[in-house]
file data-v5.pdb (PDB, C-alpha atoms and all ligand atoms)
ATOM      1  CA  MET A   1      46.084-113.179  71.645
ATOM      2  CA  LYS A   2      47.824-110.218  70.073
ATOM      3  CA  THR A   3      47.030-106.685  71.181
ATOM      4  CA  LYS A   4      45.494-104.901  68.198
ATOM      5  CA  ILE A   5      45.930-101.228  67.332
ATOM      6  CA  LEU A   6      44.122 -99.342  64.555
ATOM      7  CA  MET A   7      45.257 -96.008  63.069
ATOM      8  CA  VAL A   8      42.482 -93.962  61.453
ATOM      9  CA  CYS A   9      42.470 -90.889  59.169
ATOM     10  CA  LEU A  10      40.116 -89.691  56.433
ATOM     11  CA  GLY A  11      41.324 -91.379  53.237
ATOM     12  CA  ASN A  12      43.668 -94.062  54.650
ATOM     13  CA  ILE A  13      46.266 -93.124  52.046
ATOM     14  CA  CYS A  14      48.417 -90.404  53.696
ATOM     15  CA  ARG A  15      48.526 -90.231  57.505
ATOM     16  CA  SER A  16      47.223 -93.509  58.897
ATOM     17  CA  PRO A  17      49.318 -95.720  56.557
ATOM     18  CA  LEU A  18      52.395 -93.907  57.911
ATOM     19  CA  ALA A  19      51.151 -94.303  61.480
ATOM     20  CA  GLU A  20      50.591 -98.018  60.882
ATOM     21  CA  GLY A  21      54.062 -98.529  59.394
ATOM     22  CA  ILE A  22      55.821 -96.497  62.072
ATOM     23  CA  LEU A  23      54.098 -98.126  65.041
ATOM     24  CA  ALA A  24      54.451-101.643  63.596
ATOM     25  CA  SER A  25      58.211-101.039  63.261
ATOM     26  CA  LYS A  26      58.440-100.280  66.988
ATOM     27  CA  LEU A  27      56.481-103.304  68.263
ATOM     28  CA  ASP A  28      57.083-107.061  68.383
ATOM     29  CA  PRO A  29      54.931-108.525  65.562
ATOM     30  CA  THR A  30      54.411-111.749  67.508
ATOM     31  CA  LYS A  31      52.610-109.751  70.241
ATOM     32  CA  TYR A  32      50.963-106.862  68.384
ATOM     33  CA  PHE A  33      48.900-106.366  65.246
ATOM     34  CA  VAL A  34      48.758-102.868  63.735
ATOM     35  CA  ASP A  35      46.342-101.865  60.966
ATOM     36  CA  SER A  36      44.869 -98.648  59.512
ATOM     37  CA  ALA A  37      41.612 -97.448  57.989
ATOM     38  CA  GLY A  38      39.860 -94.308  56.733
ATOM     39  CA  THR A  39      36.525 -92.853  57.792
ATOM     40  CA  ALA A  40      35.796 -92.257  54.077
ATOM     41  CA  GLY A  41      35.920 -94.955  51.429
ATOM     42  CA  TYR A  42      37.042 -92.788  48.456
ATOM     43  CA  HIS A  43      40.356 -94.592  48.092
ATOM     44  CA  THR A  44      39.359 -98.166  48.958
ATOM     45  CA  GLY A  45      41.818-100.694  47.544
ATOM     46  CA  GLU A  46      44.445 -98.063  46.671
ATOM     47  CA  LEU A  47      48.083 -98.014  47.729
ATOM     48  CA  PRO A  48      49.240 -95.306  50.122
ATOM     49  CA  ASP A  49      49.912 -91.920  48.484
ATOM     50  CA  ARG A  50      53.299 -91.989  46.721
ATOM     51  CA  ARG A  51      54.526 -89.205  49.011
ATOM     52  CA  SER A  52      53.751 -91.315  52.102
ATOM     53  CA  ILE A  53      55.492 -94.314  50.534
ATOM     54  CA  ALA A  54      58.493 -92.072  49.730
ATOM     55  CA  ILE A  55      58.884 -90.517  53.188
ATOM     56  CA  ALA A  56      58.531 -93.923  54.852
ATOM     57  CA  ARG A  57      61.161 -95.357  52.533
ATOM     58  CA  GLN A  58      63.483 -92.482  53.423
ATOM     59  CA  TYR A  59      63.311 -93.668  57.037
ATOM     60  CA  GLY A  60      63.725 -97.336  56.147
ATOM     61  CA  LEU A  61      60.074 -98.429  56.229
ATOM     62  CA  ASP A  62      58.186-100.124  53.422
ATOM     63  CA  ILE A  63      54.457 -99.337  53.523
ATOM     64  CA  SER A  64      53.757-100.181  49.870
ATOM     65  CA  HIS A  65      51.998-103.472  50.735
ATOM     66  CA  GLN A  66      49.163-101.536  52.428
ATOM     67  CA  ARG A  67      45.770-101.028  50.774
ATOM     68  CA  SER A  68      43.187 -98.442  51.783
ATOM     69  CA  ARG A  69      40.013 -99.581  53.502
ATOM     70  CA  LYS A  70      37.110 -97.906  55.237
ATOM     71  CA  PHE A  71      36.671 -97.919  59.010
ATOM     72  CA  VAL A  72      33.716-100.152  59.962
ATOM     73  CA  ARG A  73      31.697-100.582  63.155
ATOM     74  CA  ASN A  74      33.086-104.091  63.606
ATOM     75  CA  ASP A  75      36.555-102.546  64.116
ATOM     76  CA  PHE A  76      35.420-101.791  67.679
ATOM     77  CA  GLN A  77      35.208-105.556  68.249
ATOM     78  CA  THR A  78      38.530-106.312  66.567
ATOM     79  CA  PHE A  79      40.792-103.607  68.013
ATOM     80  CA  ASP A  80      41.948-102.735  71.534
ATOM     81  CA  TYR A  81      43.199 -99.223  70.708
ATOM     82  CA  ILE A  82      41.876 -96.911  67.994
ATOM     83  CA  PHE A  83      43.838 -93.739  67.202
ATOM     84  CA  ALA A  84      42.383 -90.772  65.316
ATOM     85  CA  MET A  85      44.673 -88.334  63.489
ATOM     86  CA  ASP A  86      42.352 -85.320  63.799
ATOM     87  CA  GLN A  87      39.135 -84.111  65.436
ATOM     88  CA  SER A  88      36.998 -84.884  62.435
ATOM     89  CA  ASN A  89      38.266 -88.483  62.318
ATOM     90  CA  TYR A  90      37.590 -88.731  66.062
ATOM     91  CA  THR A  91      33.996 -87.538  65.687
ATOM     92  CA  ASN A  92      33.340 -89.830  62.721
ATOM     93  CA  ILE A  93      34.729 -92.871  64.544
ATOM     94  CA  LEU A  94      32.643 -92.133  67.647
ATOM     95  CA  ARG A  95      29.526 -91.883  65.505
ATOM     96  CA  LEU A  96      29.780 -95.637  64.938
ATOM     97  CA  ALA A  97      30.400 -96.498  68.605
ATOM     98  CA  GLU A  98      27.623 -98.375  70.372
ATOM     99  CA  THR A  99      28.928 -98.806  73.909
ATOM    100  CA  GLN A 100      31.082 -96.959  76.417
ATOM    101  CA  GLU A 101      33.667 -99.702  75.938
ATOM    102  CA  ASP A 102      33.780 -98.787  72.224
ATOM    103  CA  ARG A 103      34.175 -95.080  73.019
ATOM    104  CA  ASP A 104      36.930 -95.732  75.548
ATOM    105  CA  LYS A 105      39.087 -97.323  72.846
ATOM    106  CA  VAL A 106      39.310 -94.106  70.807
ATOM    107  CA  GLN A 107      42.056 -91.533  71.401
ATOM    108  CA  MET A 108      43.706 -88.693  69.511
ATOM    109  CA  ILE A 109      47.159 -89.943  68.493
ATOM    110  CA  LEU A 110      48.994 -86.722  69.460
ATOM    111  CA  ASN A 111      47.639 -86.949  73.007
ATOM    112  CA  GLN A 112      50.435 -89.493  73.412
ATOM    113  CA  ILE A 113      52.864 -86.553  73.230
ATOM    114  CA  SER A 114      50.711 -83.803  74.790
ATOM    115  CA  PRO A 115      48.018 -85.395  76.969
ATOM    116  CA  ASN A 116      44.573 -83.756  76.668
ATOM    117  CA  SER A 117      45.785 -81.305  74.012
ATOM    118  CA  ASN A 118      43.636 -82.915  71.289
ATOM    119  CA  ALA A 119      46.260 -81.650  68.835
ATOM    120  CA  GLU A 120      45.794 -82.773  65.231
ATOM    121  CA  VAL A 121      48.026 -84.411  62.657
ATOM    122  CA  PRO A 122      47.452 -82.014  59.725
ATOM    123  CA  ASP A 123      46.118 -83.488  56.498
ATOM    124  CA  PRO A 124      49.077 -83.297  54.060
ATOM    125  CA  TYR A 125      47.096 -84.392  50.970
ATOM    126  CA  TYR A 126      46.833 -81.000  49.253
ATOM    127  CA  GLY A 127      50.228 -79.691  50.363
ATOM    128  CA  GLY A 128      53.845 -80.360  49.406
ATOM    129  CA  ASP A 129      56.474 -82.867  50.475
ATOM    130  CA  GLN A 130      57.353 -80.873  53.611
ATOM    131  CA  GLY A 131      53.899 -81.704  54.966
ATOM    132  CA  PHE A 132      54.691 -85.400  54.772
ATOM    133  CA  GLU A 133      58.009 -84.933  56.580
ATOM    134  CA  ASN A 134      56.176 -82.982  59.290
ATOM    135  CA  VAL A 135      53.515 -85.701  59.628
ATOM    136  CA  TYR A 136      56.205 -88.377  59.761
ATOM    137  CA  GLN A 137      58.037 -86.644  62.626
ATOM    138  CA  MET A 138      54.856 -86.113  64.660
ATOM    139  CA  LEU A 139      53.770 -89.715  64.214
ATOM    140  CA  ASP A 140      57.232 -91.073  64.965
ATOM    141  CA  GLU A 141      57.286 -89.223  68.277
ATOM    142  CA  ALA A 142      53.737 -90.213  69.241
ATOM    143  CA  CYS A 143      54.298 -93.861  68.300
ATOM    144  CA  SER A 144      57.553 -93.988  70.297
ATOM    145  CA  VAL A 145      55.749 -92.793  73.419
ATOM    146  CA  PHE A 146      52.910 -95.286  72.934
ATOM    147  CA  ALA A 147      55.233 -98.213  72.085
ATOM    148  CA  LYS A 148      57.171 -97.644  75.325
ATOM    149  CA  LYS A 149      54.119 -97.727  77.543
ATOM    150  CA  ILE A 150      51.763-100.205  75.901
ATOM    151  CA  PRO A 151      51.408-103.338  78.056
TER     152      PRO A 151
HETATM  153  P1  LIG A 201      44.536 -88.934  54.703
HETATM  154  O1  LIG A 201      44.599 -87.785  53.587
HETATM  155  O2  LIG A 201      43.220 -88.782  55.408
HETATM  156  O3  LIG A 201      45.706 -88.629  55.579
HETATM  157  O4  LIG A 201      44.670 -90.257  53.965
HETATM  158  C1  LIG A 201      43.601 -87.607  52.633
HETATM  159  C2  LIG A 201      43.592 -88.359  51.492
HETATM  160  C3  LIG A 201      42.634 -88.155  50.527
HETATM  161  C4  LIG A 201      41.673 -87.186  50.708
HETATM  162  C5  LIG A 201      41.676 -86.432  51.851
HETATM  163  C6  LIG A 201      42.634 -86.644  52.818
HETATM  164  N1  LIG A 201      40.705 -86.956  49.691
HETATM  165  O5  LIG A 201      39.895 -86.030  49.859
HETATM  166  O6  LIG A 201      40.658 -87.673  48.682
END
call {"tool": "encode", "arguments": {"input": "data-v5.pdb", "output": "structure tokens"}}
result
Amino acid sequence: MKTKILMVCLGNICRSPLAEGILASKLDPTKYFVDSAGTAGYHTGELPDRRSIAIARQYGLDISHQRSRKFVRNDFQTFDYIFAMDQSNYTNILRLAETQEDRDKVQMILNQISPNSNAEVPDPYYGGDQGFENVYQMLDEACSVFAKKIP
């Protein structure tokens, strides 16, 4: 059985598609499955934001096959690790948790870099291209730390 990791943001078009692509590139696909979702369904079925596709491509990753979907309660059954990009994502994910086991699966992604800091990956949607570069660098660092220690 593969270990399954889910990246979650609000719209599943900017941050979590990048997190999915970056982490997947660092793990053996025969052993791990990486997916992403959004706590809101506004963009269901859409491709990642063109700026996320562009920054990923700049670093050699193709995320254009991804399609946005909403986070659902059943994701607690499917996934072993669930990473939130910000506090609001974290709260919205936990709202759907039913057991302590569910709650224990959820972590803030940047706690990989700074444990217990609860630092947030800023939402780049309304900003410029620099925001996407910044998000990419944060996620690349966090995913490297996680990929090195995941069993
Ligand atoms: P994401 O960014 O949560 O990183 O995918 C957003 C994308 C869309 C919206 C908000 C954030 N929106 O309000 O449509």
call {"tool": "residues_around", "arguments": {"input": "data-v5.pdb", "residues": "region 39-47 of chain A", "least_positions_apart": "6", "cutoff": "9 Å", "atoms": "all atoms listed in the file", "output": "PyMOL selection string"}}
result
chain A and resi 8-13+53+63-72+89+92-93
call {"tool": "closest_atom_pairs", "arguments": {"input": "data-v5.pdb", "of": "region 80-116 of chain A", "to": "region 31-37 of chain A", "cutoff": "10 Å", "atoms": "all atoms listed in the file", "output": "Markdown table"}}
result
| residue | atom | partner | partner_atom | distance |
| --- | --- | --- | --- | --- |
| A:Tyr81 | CA | A:Val34 | CA | 9.6 |
| A:Ile82 | CA | A:Ser36 | CA | 9.2 |
| A:Phe83 | CA | A:Ser36 | CA | 9.2 |
| A:Ala84 | CA | A:Ala37 | CA | 9.9 |
call {"tool": "closest_residue", "arguments": {"input": "data-v5.pdb", "among": "A:Asn134, A:Thr30, A:Ser144, A:Gln58", "to": "Glu120 (chain A)", "atoms": "only C-alpha atoms"}}
result
A:Asn134
call {"tool": "residues_around", "arguments": {"input": "data-v5.pdb", "residues": "Gly21 (chain A)", "least_positions_apart": "3", "cutoff": "8 Å", "atoms": "only C-alpha atoms", "output": "VMD selection string"}}
result
chain A and resid 17 to 18 24 to 25 56 61 to 63
call {"tool": "atom_distance", "arguments": {"input": "data-v5.pdb", "atom1": "CA of Arg50 (chain A)", "atom2": "atom C6 of ligand LIG 201 (chain A)"}}
result
13.4 Å
call {"tool": "atom_distance", "arguments": {"input": "data-v5.pdb", "atom1": "CA of Asp28 (chain A)", "atom2": "CA of Gly60 (chain A)"}}
result
17.0 Å
call {"tool": "closest_residue", "arguments": {"input": "data-v5.pdb", "among": "A:Leu27, A:Ile113, A:Ile150, A:Cys14", "to": "Gly127 (chain A)", "atoms": "all atoms listed in the file"}}
result
A:Cys14
call {"tool": "atom_distance", "arguments": {"input": "data-v5.pdb", "atom1": "atom P1 of ligand LIG 201 (chain A)", "atom2": "CA of Gly38 (chain A)"}}
result
7.4 Å
call {"tool": "closest_residue", "arguments": {"input": "data-v5.pdb", "among": "A:Arg73, A:Arg15, A:Arg95, A:Arg103", "to": "Tyr125 (chain A)", "atoms": "all atoms listed in the file"}}
result
A:Arg15
call {"tool": "resolve_selection", "arguments": {"input": "data-v5.pdb", "expression": "the PyMOL selection byres (((chain A and resi 109) around 7) and not hetatm)", "output": "PyMOL selection string"}}
result
chain A and resi 83-85+107-108+110-112+142
call {"tool": "closest_residue", "arguments": {"input": "data-v5.pdb", "among": "A:Ile22, A:Lys4, A:Gln77, A:Ser16", "to": "Glu141 (chain A)", "atoms": "all atoms listed in the file"}}
result
A:Ile22
call {"tool": "residues_around", "arguments": {"input": "data-v5.pdb", "residues": "Phe132 (chain A)", "least_positions_apart": "4", "cutoff": "8 Å", "atoms": "all atoms listed in the file", "output": "list in words"}}
result
Arg51, Ser52, Ile55, Pro124, Gly128 and Tyr136 of chain A
call {"tool": "closest_residue", "arguments": {"input": "data-v5.pdb", "among": "A:Gln87, A:Asn118, A:Asn74, A:Thr3", "to": "ligand LIG 201 (chain A)", "atoms": "only C-alpha atoms and all ligand atoms"}}
result
A:Gln87
call {"tool": "decode", "arguments": {"input": "data-v5.pdb", "residues": "region 22-124 of chain A", "atoms": "C-alpha atoms", "output": "PDB file, in the first residue's frame"}}
result
ATOM      1  CA  ILE A  22       6.837  19.632  -5.707  1.00  0.00           C
ATOM      2  CA  LEU A  23       6.386  16.841  -3.169  1.00  0.00           C
ATOM      3  CA  ALA A  24       5.542  14.249  -5.844  1.00  0.00           C
ATOM      4  CA  SER A  25       8.809  15.136  -7.619  1.00  0.00           C
ATOM      5  CA  LYS A  26      10.771  14.313  -4.458  1.00  0.00           C
ATOM      6  CA  LEU A  27       9.157  10.932  -3.701  1.00  0.00           C
ATOM      7  CA  ASP A  28       9.190   7.494  -5.333  1.00  0.00           C
ATOM      8  CA  PRO A  29       5.823   7.202  -7.153  1.00  0.00           C
ATOM      9  CA  THR A  30       5.749   3.440  -6.604  1.00  0.00           C
ATOM     10  CA  LYS A  31       5.658   4.044  -2.818  1.00  0.00           C
ATOM     11  CA  TYR A  32       3.804   7.349  -2.422  1.00  0.00           C
ATOM     12  CA  PHE A  33       0.664   8.976  -3.780  1.00  0.00           C
ATOM     13  CA  VAL A  34       0.386  12.774  -3.569  1.00  0.00           C
ATOM     14  CA  ASP A  35      -2.829  14.692  -4.272  1.00  0.00           C
ATOM     15  CA  SER A  36      -4.301  18.139  -3.509  1.00  0.00           C
ATOM     16  CA  ALA A  37      -7.680  19.683  -2.753  1.00  0.00           C
ATOM     17  CA  GLY A  38      -9.323  22.963  -1.732  1.00  0.00           C
ATOM     18  CA  THR A  39     -11.591  23.677   1.219  1.00  0.00           C
ATOM     19  CA  ALA A  40     -13.791  25.702  -1.177  1.00  0.00           C
ATOM     20  CA  GLY A  41     -15.250  24.337  -4.389  1.00  0.00           C
ATOM     21  CA  TYR A  42     -15.253  27.588  -6.444  1.00  0.00           C
ATOM     22  CA  HIS A  43     -12.748  26.270  -8.965  1.00  0.00           C
ATOM     23  CA  THR A  44     -13.773  22.609  -9.192  1.00  0.00           C
ATOM     24  CA  GLY A  45     -12.595  21.017 -12.435  1.00  0.00           C
ATOM     25  CA  GLU A  46     -10.269  23.910 -13.333  1.00  0.00           C
ATOM     26  CA  LEU A  47      -6.576  23.714 -14.153  1.00  0.00           C
ATOM     27  CA  PRO A  48      -4.095  25.262 -11.735  1.00  0.00           C
ATOM     28  CA  ASP A  49      -3.726  29.052 -12.046  1.00  0.00           C
ATOM     29  CA  ARG A  50      -1.519  29.892 -15.048  1.00  0.00           C
ATOM     30  CA  ARG A  51       0.988  31.555 -12.714  1.00  0.00           C
ATOM     31  CA  SER A  52       1.360  28.325 -10.703  1.00  0.00           C
ATOM     32  CA  ILE A  53       1.765  26.329 -13.919  1.00  0.00           C
ATOM     33  CA  ALA A  54       4.394  28.860 -15.084  1.00  0.00           C
ATOM     34  CA  ILE A  55       6.498  28.881 -11.905  1.00  0.00           C
ATOM     35  CA  ALA A  56       6.421  25.079 -11.729  1.00  0.00           C
ATOM     36  CA  ARG A  57       7.511  24.863 -15.351  1.00  0.00           C
ATOM     37  CA  GLN A  58      10.382  27.240 -14.606  1.00  0.00           C
ATOM     38  CA  TYR A  59      11.654  24.671 -12.100  1.00  0.00           C
ATOM     39  CA  GLY A  60      11.086  21.717 -14.418  1.00  0.00           C
ATOM     40  CA  LEU A  61       7.731  20.493 -13.084  1.00  0.00           C
ATOM     41  CA  ASP A  62       4.570  19.999 -15.104  1.00  0.00           C
ATOM     42  CA  ILE A  63       1.432  20.475 -12.993  1.00  0.00           C
ATOM     43  CA  SER A  64      -0.927  21.167 -15.909  1.00  0.00           C
ATOM     44  CA  HIS A  65      -2.586  17.721 -15.674  1.00  0.00           C
ATOM     45  CA  GLN A  66      -4.060  18.640 -12.264  1.00  0.00           C
ATOM     46  CA  ARG A  67      -7.719  19.599 -11.817  1.00  0.00           C
ATOM     47  CA  SER A  68      -9.177  21.403  -8.817  1.00  0.00           C
ATOM     48  CA  ARG A  69     -11.393  19.493  -6.416  1.00  0.00           C
ATOM     49  CA  LYS A  70     -12.947  20.153  -3.041  1.00  0.00           C
ATOM     50  CA  PHE A  71     -11.669  18.572   0.168  1.00  0.00           C
ATOM     51  CA  VAL A  72     -14.191  15.991   1.434  1.00  0.00           C
ATOM     52  CA  ARG A  73     -14.629  14.184   4.751  1.00  0.00           C
ATOM     53  CA  ASN A  74     -13.717  10.878   3.113  1.00  0.00           C
ATOM     54  CA  ASP A  75     -10.195  12.260   2.509  1.00  0.00           C
ATOM     55  CA  PHE A  76      -9.512  11.428   6.170  1.00  0.00           C
ATOM     56  CA  GLN A  77     -10.002   7.754   5.269  1.00  0.00           C
ATOM     57  CA  THR A  78      -7.918   7.932   2.097  1.00  0.00           C
ATOM     58  CA  PHE A  79      -4.879   9.923   3.248  1.00  0.00           C
ATOM     59  CA  ASP A  80      -2.171   9.337   5.859  1.00  0.00           C
ATOM     60  CA  TYR A  81      -0.912  12.940   5.975  1.00  0.00           C
ATOM     61  CA  ILE A  82      -2.943  16.087   5.315  1.00  0.00           C
ATOM     62  CA  PHE A  83      -1.090  19.404   4.999  1.00  0.00           C
ATOM     63  CA  ALA A  84      -2.775  22.802   5.314  1.00  0.00           C
ATOM     64  CA  MET A  85      -1.198  25.892   3.736  1.00  0.00           C
ATOM     65  CA  ASP A  86      -2.670  28.387   6.221  1.00  0.00           C
ATOM     66  CA  GLN A  87      -4.614  28.646   9.484  1.00  0.00           C
ATOM     67  CA  SER A  88      -7.946  29.057   7.781  1.00  0.00           C
ATOM     68  CA  ASN A  89      -7.406  25.895   5.711  1.00  0.00           C
ATOM     69  CA  TYR A  90      -6.385  24.100   8.915  1.00  0.00           C
ATOM     70  CA  THR A  91      -9.555  25.148  10.740  1.00  0.00           C
ATOM     71  CA  ASN A  92     -11.784  24.241   7.794  1.00  0.00           C
ATOM     72  CA  ILE A  93     -10.197  20.799   7.431  1.00  0.00           C
ATOM     73  CA  LEU A  94     -10.562  20.088  11.158  1.00  0.00           C
ATOM     74  CA  ARG A  95     -14.230  21.028  10.988  1.00  0.00           C
ATOM     75  CA  LEU A  96     -14.808  17.855   8.970  1.00  0.00           C
ATOM     76  CA  ALA A  97     -12.765  15.601  11.276  1.00  0.00           C
ATOM     77  CA  GLU A  98     -14.716  13.020  13.247  1.00  0.00           C
ATOM     78  CA  THR A  99     -12.062  11.248  15.299  1.00  0.00           C
ATOM     79  CA  GLN A 100      -8.775  12.018  17.015  1.00  0.00           C
ATOM     80  CA  GLU A 101      -7.104   9.854  14.377  1.00  0.00           C
ATOM     81  CA  ASP A 102      -8.511  12.214  11.715  1.00  0.00           C
ATOM     82  CA  ARG A 103      -7.264  15.286  13.597  1.00  0.00           C
ATOM     83  CA  ASP A 104      -3.804  13.803  14.088  1.00  0.00           C
ATOM     84  CA  LYS A 105      -3.325  13.575  10.319  1.00  0.00           C
ATOM     85  CA  VAL A 106      -3.556  17.352   9.830  1.00  0.00           C
ATOM     86  CA  GLN A 107      -0.485  19.599  10.026  1.00  0.00           C
ATOM     87  CA  MET A 108       0.557  23.047   8.850  1.00  0.00           C
ATOM     88  CA  ILE A 109       2.978  22.510   5.956  1.00  0.00           C
ATOM     89  CA  LEU A 110       5.503  25.145   7.121  1.00  0.00           C
ATOM     90  CA  ASN A 111       5.839  23.412  10.491  1.00  0.00           C
ATOM     91  CA  GLN A 112       8.117  21.078   8.538  1.00  0.00           C
ATOM     92  CA  ILE A 113      10.619  23.960   8.403  1.00  0.00           C
ATOM     93  CA  SER A 114       9.809  25.710  11.706  1.00  0.00           C
ATOM     94  CA  PRO A 115       8.155  23.225  14.077  1.00  0.00           C
ATOM     95  CA  ASN A 116       5.216  24.657  16.064  1.00  0.00           C
ATOM     96  CA  SER A 117       5.475  28.042  14.331  1.00  0.00           C
ATOM     97  CA  ASN A 118       2.132  27.577  12.532  1.00  0.00           C
ATOM     98  CA  ALA A 119       3.554  29.874   9.847  1.00  0.00           C
ATOM     99  CA  GLU A 120       1.383  30.303   6.753  1.00  0.00           C
ATOM    100  CA  VAL A 121       1.978  29.984   3.034  1.00  0.00           C
ATOM    101  CA  PRO A 122       0.527  33.338   1.885  1.00  0.00           C
ATOM    102  CA  ASP A 123      -2.297  33.247  -0.641  1.00  0.00           C
ATOM    103  CA  PRO A 124      -0.730  34.577  -3.883  1.00  0.00           C
TER     104      PRO A 124
END
